[in-house]
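Novice: See start-v5.txt below, with compact mmCIF, C-alpha atoms.
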```txt
# COMPACT_ATOMS: atom_id res chain seq x y z
CA MET A 26 2.90 -14.39 51.72
CA THR A 27 1.66 -14.07 55.29
CA THR A 28 3.58 -16.12 57.82
CA ALA A 29 4.15 -16.27 61.57
CA HIS A 30 7.73 -17.40 61.96
CA ALA A 31 8.84 -18.99 65.21
CA LYS A 32 11.57 -17.00 66.95
CA PRO A 33 15.07 -18.49 66.57
CA THR A 34 15.27 -19.24 70.30
CA THR A 35 12.04 -21.24 70.24
CA ALA A 36 12.03 -22.75 66.73
CA LEU A 37 14.16 -25.72 67.80
CA TRP A 38 11.86 -26.59 70.69
CA LEU A 39 8.82 -26.16 68.50
CA MET A 40 10.26 -28.57 65.95
CA ILE A 41 11.09 -31.08 68.70
CA SER A 42 7.48 -30.94 69.86
CA VAL A 43 6.29 -31.44 66.26
CA VAL A 44 8.55 -34.50 65.95
CA LEU A 45 7.21 -35.97 69.21
CA VAL A 46 3.66 -35.47 68.01
CA ALA A 47 4.49 -37.03 64.63
CA LEU A 48 5.89 -40.15 66.30
CA ASN A 49 2.33 -40.95 67.41
CA LEU A 50 0.75 -40.99 63.96
CA ARG A 51 1.52 -44.60 62.93
CA PRO A 52 2.17 -46.97 65.90
CA SER A 53 -1.53 -47.78 66.36
CA MET A 54 -1.48 -49.27 62.83
CA ALA A 55 2.14 -50.39 62.44
CA ALA A 56 2.06 -52.63 65.52
CA VAL A 57 -0.79 -54.74 64.14
CA GLY A 58 0.92 -56.47 61.20
CA PRO A 59 3.79 -58.13 63.12
CA LEU A 60 1.35 -59.35 65.80
CA LEU A 61 -1.42 -60.41 63.44
CA SER A 62 -0.79 -64.15 63.78
CA SER A 63 -1.07 -63.93 67.58
CA ILE A 64 -4.11 -61.66 67.39
CA ARG A 65 -5.86 -64.10 65.02
CA GLY A 66 -5.08 -66.88 67.48
CA ASP A 67 -7.22 -65.16 70.15
CA VAL A 68 -9.69 -63.17 68.04
CA PRO A 69 -11.44 -64.78 65.04
CA LEU A 70 -10.29 -62.73 62.04
CA SER A 71 -10.04 -63.52 58.34
CA PHE A 72 -7.42 -61.63 56.37
CA SER A 73 -10.20 -59.42 54.99
CA SER A 74 -11.44 -58.64 58.51
CA ALA A 75 -7.91 -58.07 59.77
CA ALA A 76 -7.47 -55.54 56.97
CA LEU A 77 -10.12 -53.39 58.69
CA LEU A 78 -7.62 -52.68 61.49
CA THR A 79 -5.59 -50.71 58.95
CA MET A 80 -8.28 -49.75 56.48
CA LEU A 81 -10.79 -48.11 58.84
CA PRO A 82 -8.34 -45.81 60.65
CA VAL A 83 -7.00 -44.69 57.27
CA MET A 84 -10.56 -44.06 56.06
CA ALA A 85 -11.30 -42.20 59.30
CA MET A 86 -8.18 -40.14 58.66
CA GLY A 87 -9.53 -39.24 55.26
CA LEU A 88 -12.99 -38.25 56.48
CA ALA A 89 -11.66 -36.27 59.44
CA MET A 90 -9.41 -34.24 57.15
CA PHE A 91 -12.46 -32.46 55.77
CA PHE A 92 -13.49 -30.98 59.11
CA GLY A 93 -10.08 -30.81 60.82
CA MET A 94 -9.21 -27.32 59.58
CA GLY A 95 -12.67 -26.01 60.49
CA LEU A 96 -12.40 -27.34 64.05
CA ALA A 97 -8.93 -25.84 64.35
CA ARG A 98 -10.24 -22.41 63.37
CA ARG A 99 -12.95 -22.74 66.01
CA PHE A 100 -10.96 -24.19 68.91
CA GLY A 101 -7.40 -23.24 67.99
CA GLU A 102 -4.69 -25.41 66.47
CA HIS A 103 -2.81 -25.89 69.75
CA ARG A 104 -5.85 -27.16 71.66
CA SER A 105 -6.98 -29.31 68.72
CA ILE A 106 -3.63 -31.11 68.55
CA ALA A 107 -3.54 -31.59 72.33
CA VAL A 108 -7.02 -33.14 72.33
CA SER A 109 -6.09 -35.34 69.35
CA LEU A 110 -3.10 -36.71 71.27
CA VAL A 111 -5.41 -37.60 74.15
CA VAL A 112 -7.73 -39.44 71.76
CA ILE A 113 -4.82 -41.40 70.25
CA GLY A 114 -3.45 -42.25 73.70
CA VAL A 115 -6.76 -43.44 75.13
CA ALA A 116 -7.58 -45.49 72.01
CA THR A 117 -4.16 -47.13 72.11
CA LEU A 118 -4.20 -47.84 75.86
CA SER A 119 -7.70 -49.36 75.63
CA ARG A 120 -6.26 -52.30 73.69
CA LEU A 121 -5.03 -53.77 76.96
CA TRP A 122 -8.60 -54.79 77.72
CA LEU A 123 -10.17 -55.47 74.31
CA ASP A 124 -11.34 -59.00 73.52
CA SER A 125 -13.33 -58.82 70.30
CA ALA A 126 -12.72 -57.87 66.69
CA LEU A 127 -15.34 -55.11 66.93
CA GLU A 128 -13.64 -53.53 69.94
CA LEU A 129 -10.26 -53.61 68.19
CA ILE A 130 -11.77 -51.99 65.11
CA VAL A 131 -13.45 -49.24 67.18
CA SER A 132 -10.14 -48.46 68.88
CA ALA A 133 -8.49 -48.27 65.45
CA ILE A 134 -11.14 -45.84 64.16
CA ALA A 135 -10.79 -43.60 67.25
CA ALA A 136 -7.02 -43.47 66.82
CA GLY A 137 -7.51 -42.71 63.13
CA VAL A 138 -9.67 -39.67 63.90
CA GLY A 139 -7.05 -38.29 66.28
CA ILE A 140 -4.31 -38.91 63.73
CA ALA A 141 -6.28 -37.17 60.99
CA MET A 142 -6.85 -34.04 63.05
CA ILE A 143 -3.11 -33.68 63.59
CA GLN A 144 -2.24 -34.40 59.97
CA ALA A 145 -4.75 -31.80 58.79
CA LEU A 146 -3.07 -29.10 60.88
CA MET A 147 0.65 -29.80 60.71
CA PRO A 148 1.39 -28.87 57.05
CA ALA A 149 -0.13 -25.41 57.53
CA LEU A 150 1.77 -24.97 60.80
CA ILE A 151 5.06 -25.89 59.14
CA LYS A 152 4.35 -23.75 56.08
CA SER A 153 3.69 -20.78 58.39
CA ARG A 154 6.54 -21.15 60.89
CA PHE A 155 9.24 -22.49 58.59
CA SER A 156 8.35 -20.99 55.21
CA ASP A 157 11.98 -20.58 54.13
CA ASN A 158 12.67 -24.32 54.45
CA VAL A 159 9.31 -25.99 53.96
CA SER A 160 10.73 -29.05 52.16
CA LEU A 161 13.35 -29.63 54.86
CA PHE A 162 10.97 -29.36 57.81
CA MET A 163 8.19 -31.30 56.09
CA GLY A 164 10.77 -34.01 55.53
CA LEU A 165 11.64 -34.01 59.24
CA TYR A 166 7.96 -34.17 60.23
CA VAL A 167 7.12 -36.99 57.83
CA THR A 168 10.32 -38.82 58.78
CA ALA A 169 9.18 -38.74 62.41
CA ILE A 170 5.85 -40.27 61.33
CA MET A 171 7.73 -43.12 59.70
CA GLY A 172 10.05 -43.37 62.68
CA GLY A 173 7.03 -44.05 64.86
CA ALA A 174 6.02 -46.83 62.49
CA ALA A 175 9.54 -48.29 62.63
CA LEU A 176 9.54 -48.30 66.43
CA ALA A 177 6.15 -50.00 66.62
CA ALA A 178 6.89 -52.60 63.95
CA SER A 179 10.25 -53.52 65.47
CA PHE A 180 9.44 -53.52 69.16
CA ALA A 181 5.80 -54.67 69.32
CA PRO A 182 6.84 -58.34 68.88
CA LEU A 183 9.58 -57.87 71.49
CA MET A 184 7.06 -56.45 73.95
CA GLN A 185 4.80 -59.42 73.27
CA ALA A 186 7.70 -61.81 73.89
CA GLN A 187 8.55 -60.09 77.17
CA THR A 188 5.01 -59.95 78.53
CA GLY A 189 3.42 -62.94 76.81
CA SER A 190 0.56 -60.81 75.48
CA TRP A 191 -0.03 -59.19 72.10
CA ARG A 192 -2.21 -56.64 73.89
CA THR A 193 0.85 -55.12 75.52
CA GLY A 194 2.55 -54.90 72.14
CA LEU A 195 -0.40 -52.85 70.87
CA ALA A 196 -1.04 -50.71 73.97
CA ILE A 197 2.49 -49.71 75.06
CA TRP A 198 2.55 -46.92 72.48
CA ALA A 199 0.18 -44.85 74.61
CA VAL A 200 3.35 -43.81 76.45
CA LEU A 201 4.46 -41.93 73.33
CA ALA A 202 1.15 -40.06 73.26
CA LEU A 203 1.55 -39.02 76.89
CA LEU A 204 5.08 -37.73 76.27
CA ALA A 205 4.05 -35.77 73.18
CA TRP A 206 0.99 -34.35 74.94
CA ALA A 207 3.05 -33.07 77.88
CA PHE A 208 5.67 -31.54 75.59
CA TRP A 209 3.06 -29.98 73.31
CA LEU A 210 1.33 -28.26 76.22
CA ALA A 211 4.67 -26.72 77.18
CA GLN A 212 4.90 -25.11 73.71
CA ARG A 213 1.70 -23.09 73.99
CA SER A 214 3.45 -19.73 74.29
CA VAL A 215 5.36 -20.43 71.06
CA LEU A 216 2.34 -20.95 68.85
CA ALA A 217 0.75 -17.74 67.66
CA PRO A 218 -2.50 -18.27 65.70
CA LEU A 219 -2.12 -19.13 62.04
CA PRO A 220 -2.59 -16.13 59.71
CA GLN A 221 -5.96 -15.91 58.05
CA ALA A 222 -6.20 -16.41 54.30
CA ASP A 223 -8.17 -14.14 52.03
CA THR A 224 -10.19 -17.01 50.62
CA GLY A 225 -12.50 -19.76 51.77
CA PRO A 226 -11.82 -23.06 53.47
CA GLN A 227 -10.37 -26.18 51.89
CA ASP A 228 -13.70 -27.43 50.54
CA ALA A 229 -13.36 -24.76 47.82
CA PHE A 230 -10.79 -27.08 46.23
CA SER A 231 -13.42 -29.71 45.48
CA GLY A 232 -14.14 -28.05 42.13
CA ASN A 233 -10.50 -27.79 41.09
CA ARG A 234 -9.13 -30.44 38.72
CA ARG A 235 -5.53 -30.00 39.83
CA ALA A 236 -6.51 -30.50 43.48
CA TRP A 237 -8.16 -33.79 42.52
CA LEU A 238 -5.10 -34.89 40.54
CA LEU A 239 -2.87 -34.14 43.53
CA ALA A 240 -5.28 -36.09 45.74
CA VAL A 241 -5.28 -39.13 43.45
CA PHE A 242 -1.49 -39.00 43.28
CA PHE A 243 -1.20 -38.86 47.06
CA GLY A 244 -3.82 -41.60 47.47
CA LEU A 245 -2.11 -44.05 45.11
CA GLY A 246 1.25 -43.52 46.80
CA THR A 247 -0.22 -43.89 50.27
CA ALA A 248 -2.03 -47.06 49.16
CA SER A 249 1.38 -48.65 48.67
CA TYR A 250 2.46 -47.49 52.13
CA THR A 251 -0.65 -48.78 53.92
CA CYS A 252 -0.54 -52.14 52.12
CA VAL A 253 3.11 -52.67 52.99
CA LEU A 254 2.42 -51.60 56.56
CA ALA A 255 -0.48 -54.05 56.86
CA TRP A 256 0.78 -57.06 54.92
CA LEU A 257 4.57 -57.16 54.59
CA ALA A 258 5.07 -58.88 57.95
CA PRO A 259 2.24 -61.43 57.40
CA TYR A 260 3.65 -62.08 53.91
CA TYR A 261 7.03 -63.04 55.35
CA VAL A 262 5.44 -65.06 58.15
CA GLU A 263 3.87 -67.10 55.34
CA GLN A 264 7.36 -67.44 53.85
CA GLY A 265 8.40 -69.21 57.07
CA TRP A 266 9.73 -66.29 59.12
CA SER A 267 8.96 -65.85 62.81
CA GLU A 268 6.73 -62.96 63.90
CA GLN A 269 9.69 -61.27 65.57
CA ASP A 270 11.91 -61.52 62.47
CA ALA A 271 9.07 -60.36 60.19
CA GLY A 272 8.47 -57.41 62.51
CA LEU A 273 12.16 -56.52 62.42
CA LEU A 274 12.07 -56.69 58.62
CA LEU A 275 9.15 -54.26 58.58
CA GLY A 276 11.10 -52.14 61.04
CA PHE A 277 14.08 -52.20 58.66
CA LEU A 278 11.82 -51.06 55.80
CA THR A 279 10.45 -48.18 57.87
CA ALA A 280 14.01 -47.28 58.94
CA MET A 281 14.83 -46.92 55.24
CA GLU A 282 11.74 -44.72 54.98
CA VAL A 283 13.18 -42.54 57.71
CA VAL A 284 16.50 -42.22 55.85
CA SER A 285 14.77 -41.32 52.60
CA GLY A 286 12.33 -39.01 54.35
CA LEU A 287 15.27 -37.00 55.69
CA ILE A 288 17.47 -36.99 52.59
CA THR A 289 14.97 -36.67 49.74
CA PRO A 290 13.24 -33.41 50.81
CA ALA A 291 16.65 -31.88 51.59
CA ILE A 292 17.74 -32.64 48.02
CA ALA A 293 14.43 -31.45 46.57
CA ASN A 294 14.58 -28.23 48.60
CA ARG A 295 17.32 -26.99 46.25
CA ARG A 296 15.17 -27.14 43.14
CA ARG A 297 11.79 -25.79 42.13
CA ASP A 298 10.98 -28.61 39.69
CA LYS A 299 10.78 -31.75 41.79
CA ARG A 300 9.46 -34.16 39.15
CA GLY A 301 12.80 -35.88 38.55
CA VAL A 302 13.25 -36.63 42.25
CA VAL A 303 9.73 -38.07 42.50
CA ALA A 304 10.23 -40.21 39.38
CA VAL A 305 13.35 -41.82 40.88
CA LEU A 306 11.38 -42.67 44.04
CA LEU A 307 8.63 -44.30 41.99
CA VAL A 308 11.12 -46.47 40.10
CA LEU A 309 12.61 -47.65 43.41
CA ILE A 310 9.15 -48.73 44.57
CA ILE A 311 8.51 -50.63 41.32
CA LEU A 312 11.80 -52.50 41.69
CA GLY A 313 10.99 -53.30 45.32
CA PHE A 314 7.58 -54.78 44.53
CA CYS A 315 8.98 -56.81 41.62
CA GLY A 316 11.61 -58.22 43.98
CA LEU A 317 9.00 -59.19 46.56
CA ILE A 318 7.06 -61.08 43.89
CA LEU A 319 9.84 -62.71 41.89
CA SER A 320 12.50 -63.37 44.52
CA PRO A 321 11.16 -63.05 48.09
CA ARG A 322 13.65 -65.60 49.50
CA HIS A 323 16.75 -64.09 47.88
CA LEU A 324 18.33 -60.68 48.50
CA THR A 325 15.78 -60.47 51.30
CA LEU A 326 16.95 -57.12 52.64
CA LEU A 327 17.26 -55.47 49.22
CA TRP A 328 13.56 -55.41 48.35
CA PRO A 329 12.36 -53.83 51.64
CA CYS A 330 15.29 -51.41 51.33
CA LEU A 331 14.17 -50.26 47.87
CA LEU A 332 10.54 -50.04 48.98
CA GLY A 333 11.47 -48.09 52.08
CA LEU A 334 13.66 -45.62 50.20
CA GLY A 335 10.95 -45.08 47.59
CA ILE A 336 7.92 -44.85 49.89
CA GLY A 337 9.80 -42.85 52.53
CA GLY A 338 10.64 -40.11 50.08
CA LEU A 339 7.35 -40.24 48.17
CA PHE A 340 5.14 -39.45 51.17
CA PRO A 341 6.71 -36.07 52.03
CA MET A 342 7.26 -35.21 48.37
CA SER A 343 3.55 -35.74 47.64
CA LEU A 344 2.68 -33.21 50.35
CA ILE A 345 5.44 -30.83 49.26
CA LEU A 346 4.10 -30.86 45.69
CA SER A 347 0.74 -29.72 47.09
CA LEU A 348 2.28 -27.05 49.32
CA ASP A 349 4.32 -25.67 46.40
CA HIS A 350 1.15 -24.84 44.49
CA LEU A 351 0.21 -21.99 46.87
CA ASP A 352 2.14 -19.37 48.85
CA ASN A 353 -0.43 -18.51 51.50
CA PRO A 354 0.04 -20.90 54.48
CA ARG A 355 -3.66 -21.14 55.31
CA ARG A 356 -4.69 -21.89 51.72
CA ALA A 357 -1.77 -24.28 51.27
CA GLY A 358 -2.83 -26.03 54.46
CA GLY A 359 -6.38 -26.22 53.16
CA LEU A 360 -5.16 -27.75 49.91
CA THR A 361 -3.06 -30.38 51.70
CA ALA A 362 -6.03 -31.18 53.97
CA PHE A 363 -8.20 -31.74 50.88
CA VAL A 364 -5.47 -33.80 49.19
CA GLN A 365 -4.97 -35.95 52.27
CA GLY A 366 -8.71 -36.30 52.86
CA VAL A 367 -9.41 -37.69 49.40
CA GLY A 368 -6.08 -39.51 49.28
CA TYR A 369 -6.60 -41.40 52.53
CA LEU A 370 -10.06 -42.47 51.41
CA ILE A 371 -8.44 -43.96 48.30
CA ALA A 372 -5.54 -45.49 50.24
CA GLY A 373 -7.80 -46.94 52.92
CA LEU A 374 -9.30 -49.39 50.43
CA SER A 375 -5.96 -50.96 49.54
CA PRO A 376 -5.41 -53.15 52.65
CA LEU A 377 -8.95 -54.52 52.33
CA ILE A 378 -8.54 -55.29 48.63
CA ALA A 379 -5.18 -56.95 49.30
CA GLY A 380 -6.72 -58.99 52.14
CA MET A 381 -9.56 -60.11 49.87
CA ILE A 382 -7.03 -61.11 47.22
CA ARG A 383 -5.15 -63.14 49.84
CA ASP A 384 -8.38 -64.85 51.01
CA GLN A 385 -9.44 -65.69 47.45
CA LEU A 386 -6.11 -66.61 45.84
CA GLY A 387 -4.09 -67.74 48.84
CA SER A 388 -1.21 -65.35 48.12
CA PHE A 389 -0.31 -61.66 48.34
CA GLU A 390 1.57 -61.73 45.02
CA TRP A 391 -1.31 -60.35 42.95
CA ALA A 392 -1.74 -57.54 45.47
CA TRP A 393 1.91 -56.57 44.92
CA TRP A 394 1.39 -56.70 41.13
CA SER A 395 -1.64 -54.41 41.44
CA LEU A 396 0.36 -51.91 43.47
CA THR A 397 3.15 -52.03 40.88
CA ALA A 398 0.66 -51.08 38.17
CA MET A 399 -0.54 -48.13 40.27
CA ILE A 400 3.02 -46.85 40.67
CA VAL A 401 3.49 -47.00 36.89
CA LEU A 402 0.37 -44.84 36.57
CA MET A 403 1.90 -42.37 39.04
CA LEU A 404 4.97 -42.07 36.80
CA LEU A 405 2.63 -40.76 34.10
CA ILE A 406 0.82 -38.39 36.48
CA VAL A 407 3.99 -36.80 37.87
CA THR A 408 4.91 -35.44 34.44
CA ARG A 409 1.94 -33.08 34.81
CA PHE A 410 3.40 -31.27 37.83
CA ASN A 411 5.38 -28.55 36.07
CA PRO A 412 5.96 -25.73 38.60
CA GLN A 413 5.87 -23.11 35.85
CA HIS A 414 2.14 -23.82 35.48
CA TYR A 415 1.13 -24.02 39.17
CA ALA A 416 -0.47 -20.58 39.21
CA ARG A 417 -2.57 -21.47 36.18
CA HIS A 418 -4.05 -24.53 37.87
CA ILE A 419 -4.70 -23.21 41.43
CA ARG A 420 -5.16 -19.51 42.17
```
Output the file's structure as C-alpha cells, nothing else.
Specialist:
Amino acid sequence: MTTAHAKPTTALWLMISVVLVALNLRPSMAAVGPLLSSIRGDVPLSFSSAALLTMLPVMAMGLAMFFGMGLARRFGEHRSIAVSLVVIGVATLSRLWLDSALELIVSAIAAGVGIAMIQALMPALIKSRFSDNVSLFMGLYVTAIMGGAALAASFAPLMQAQTGSWRTGLAIWAVLALLAWAFWLAQRSVLAPLPQADTGPQDAFSGNRRAWLLAVFFGLGTASYTCVLAWLAPYYVEQGWSEQDAGLLLGFLTAMEVVSGLITPAIANRRRDKRGVVAVLLVLIILGFCGLILSPRHLTLLWPCLLGLGIGGLFPMSLILSLDHLDNPRRAGGLTAFVQGVGYLIAGLSPLIAGMIRDQLGSFEWAWWSLTAMIVLMLLIVTRFNPQHYARHIR
C-alpha cells in the first residue's frame, strides 16, 4: 500500500485542521429545520418546497462527488479544499440578504457543492496520512461533521432570539468557514500530494456490483440522517414545542451522534469483520423511529438518543466499510467518492418525499415508518459485507 504519512510532529495539527474543516459540512443545512417556522412566516414555503433547502444541497453533494476527485488531481487537494471553504462561507453569509425562496435554494445548492468537494477528498486524505488507524480518524472526522450540525441546530434559534432575525441564525456559521479556511492555509507545508494509484479514476467503479451495493447502503442510511435533520424539529414544533426547544432537541440528537461517531469506529477498529457493530446501530435506529411514531410525548429524550447513537455510528461505519475494500488510498478514495456520489443522490430525495407525505397526510408519521422499513432492508444488506470476500468483489 502506498501512503504519505504525516510526520508525528505535524499529524496533530493536520487532524485539528481536518476537524475544523469538517465542522463546516452541515451547519448550512442543520440550521434550517429549527428556524423553519420563522422562515415560512417571511418566505412563502410549503413543506415540500422547504424540503428543497435540504434536498438540493444533498443532491448537489452527490453530483459534485463525481468530479471532485478529478478537480483535486488537476488543482491539488489543498487548494481544492481551501476554495470549497470559501464557497461554503460565501453561500452561508449571503443568507443575511436573501428574501425569496429561490435565493435561499440557490445558496443551499452552492453550499452543497462546496461540501461535496471536501467530502470527496477527505477519506482519501485520511486513508493516506493515517493508514494505521483509519477507523479511528474517520470516526473523528465524521464526528466533527455531526458536531457542526449539533452546534447549528442548538444555537441557530438562540441567535435568532438574540438578534430578532432568522437570517442571522442561518448566516452566522460563515464564521466557522473563515476559521477553517485560515487554519487550512497554515497547513499547506504538511500536505504532500496524494500517491497516485495504478488504476483509473472512481468512475471505473460504475460497472462494479459491490460498489453499487455499498452506494445503496450508504444512501439509505444517509436518507435517515437527512430526514431527521430536516424534519425532527418541525415534527416537535407540531407537537407543541417551541422552536428553541425543538432546536435543542435536534442538538441533543446530534450530540448523541457525536458520541457514537467517536466510540463506534474506535470499537470497530479492533476487528476486521464490522457487520455485528453495524447491525447493532441499525437496530438502535429502528427503535428510535418506532418511539417517535408510537410515543412522541413520552420518554421524549430516549428516542432522539437512540436515533443519534445509531445514525452517528452508521455514517462513519458506512464509509469505513467502503475504505476497507481496498488498500490503495487513491483507489479507496475513488470508491468512497463513488459511494457518496450515488448515496447522496439517493438520500437527497428523502426530505422531499417526507415533505410531500406531510403535505398530503398532515403528519410525518408515515415518513418515519418508511424510513424504518429502509433500515430493516439495510439489516439484510449488511450481511453481505464479509471481509473475507472483499478482494473477490473489488480488485
Novice: Enter the distance from CA of Gly366 in chain A to CA of Arg300 in chain A, in Å, rounded to one decimal.
Specialist: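 One can read the CA of Gly366 in chain A to CA of Arg300 in chain A distance as 22.9 Å.
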Novice: Determine, counting all atoms listed in the file, every residue of protein, DNA or RNA that lies within 10 Å of (-12.5, -57.7, 69.3) in the file coordinates, then give the result as a PyMOL selection string.
Specialist: chain A and resi 64+67-70+120+122-132
Novice: Measuring between only C-alpha atoms, which one of A:Leu146, A:Ala255, A:Val284, A:Ala271 shows the shortest distance to Thr79 in chain A?
Specialist: A:Ala255
Novice: Quick one: distance from CA of Ala177 in chain A to CA of Ala55 in chain A in Å, one decimal?
Specialist: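 Between CA of Ala177 in chain A and CA of Ala55 in chain A the gap is 5.8 Å.
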Novice: What separation in Å, quoted to one decimal, exists between CA of Leu96 in chain A and CA of Ala207 in chain A?
Specialist: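 Value for the CA of Leu96 in chain A-CA of Ala207 in chain A distance: 21.5 Å.
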Novice: Which residue out of A:Gly335, A:Pro321, A:Pro329, A:Pro148 has the minimum interatomic distance to Val167 in chain A when all atoms listed in the file are used?
Specialist: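 That would be A:Pro148, the residue with the smallest distance to Val167 in chain A.
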Novice: Could you give me, as a tab-separated table, every range 182-292 of chain A residue with an atom at most 12 Å from range 406-417 of chain A, plus its closest atom pair and distance in Å to one decimal, counting all atoms listed in the file, rows ordered by chain then number?
Specialist:
```
residue	atom	partner	partner_atom	distance
A:Asn233	CA	A:Arg417	CA	11.3
A:Arg234	CA	A:Arg417	CA	11.4
A:Arg235	CA	A:Tyr415	CA	9.0
A:Ala236	CA	A:Tyr415	CA	10.9
A:Trp237	CA	A:Ile406	CA	11.8
A:Leu238	CA	A:Ile406	CA	8.0
A:Leu239	CA	A:Phe410	CA	8.9
A:Ala240	CA	A:Ile406	CA	11.3
A:Val241	CA	A:Ile406	CA	9.3
A:Phe242	CA	A:Ile406	CA	7.2
A:Phe243	CA	A:Val407	CA	10.8
A:Leu245	CA	A:Ile406	CA	10.7
A:Gly246	CA	A:Val407	CA	11.5
```
Novice: Point out the residue among A:Val115, A:Met403, A:Met142, A:Met171 with the least atom-to-atom distance to Leu306 in chain A, counting all atoms listed in the file.
Specialist: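 Smallest separation from Leu306 in chain A among the options: A:Met403.
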Novice: For a quick check of understanding, using all atoms listed in the file, which of A:Ile345, A:Leu274, A:Leu360, A:Leu254 has the smallest distance to Ala56 in chain A?
Specialist: A:Leu254
Novice: Kindly provide, as number ranges by chain, the polymer residues lying within 10 Å of (16.9, -39.7, 49.6), counting all atoms listed in the file and using the coordinates exactly as they appear in the file.
Specialist: A: 281-293, 302, 305-306, 334-335, 337-339
Novice: Would you mind exporting the chosen residues as an mmCIF file, in the frame of the given file, restricted to C-alpha atoms?
Specialist:
```cif
data_model
loop_
_atom_site.group_PDB
_atom_site.id
_atom_site.type_symbol
_atom_site.label_atom_id
_atom_site.label_comp_id
_atom_site.auth_asym_id
_atom_site.auth_seq_id
_atom_site.Cartn_x
_atom_site.Cartn_y
_atom_site.Cartn_z
ATOM 1 C CA MET A 281 14.830 -46.920 55.240
ATOM 2 C CA GLU A 282 11.740 -44.720 54.980
ATOM 3 C CA VAL A 283 13.180 -42.540 57.710
ATOM 4 C CA VAL A 284 16.500 -42.220 55.850
ATOM 5 C CA SER A 285 14.770 -41.320 52.600
ATOM 6 C CA GLY A 286 12.330 -39.010 54.350
ATOM 7 C CA LEU A 287 15.270 -37.000 55.690
ATOM 8 C CA ILE A 288 17.470 -36.990 52.590
ATOM 9 C CA THR A 289 14.970 -36.670 49.740
ATOM 10 C CA PRO A 290 13.240 -33.410 50.810
ATOM 11 C CA ALA A 291 16.650 -31.880 51.590
ATOM 12 C CA ILE A 292 17.740 -32.640 48.020
ATOM 13 C CA ALA A 293 14.430 -31.450 46.570
ATOM 14 C CA VAL A 302 13.250 -36.630 42.250
ATOM 15 C CA VAL A 305 13.350 -41.820 40.880
ATOM 16 C CA LEU A 306 11.380 -42.670 44.040
ATOM 17 C CA LEU A 334 13.660 -45.620 50.200
ATOM 18 C CA GLY A 335 10.950 -45.080 47.590
ATOM 19 C CA GLY A 337 9.800 -42.850 52.530
ATOM 20 C CA GLY A 338 10.640 -40.110 50.080
ATOM 21 C CA LEU A 339 7.350 -40.240 48.170
#
```
Novice: Within 9 Å of Ala89 in chain A, counting only C-alpha atoms, which residues qualify if same-chain residues fewer than 6 places away don't, as a ChimeraX atom specification?
Specialist: /A:137-142,145,366
Novice: Can you tell me, as a ChimeraX atom specification, what residues are no more than 12 Å from Gly173 in chain A when counting all atoms listed in the file, ignoring any on the same chain fewer than 6 positions away?
Specialist: /A:44-56,166-167,179-181,198-199,201-202,276,279-280,282-283
Novice: Contacts of Val83 in chain A at 9 Å or less, counting only C-alpha atoms, minus same-chain residues fewer than 6 places along, as a ChimeraX atom specification?
Specialist: /A:134,137-138,141,251,369-370,372-374
Novice: Here is a test: counting all atoms listed in the file, which residue of A:Leu165, A:Leu275, A:Met80, A:Val108 is nearest to Met40 in chain A?
Specialist: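 For Met40 in chain A, the nearest of the given residues is A:Leu165.
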Novice: Using all atoms listed in the file, which residues sit within 10 Å of Val308 in chain A once same-chain residues fewer than 5 positions away are excluded, as a list of chain:residue names?
Specialist: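 Surrounding residues, per the criterion: A:Val303, A:Gly313, A:Leu331, A:Leu332, A:Gly335, A:Thr397, A:Ile400, A:Val401, A:Leu404.
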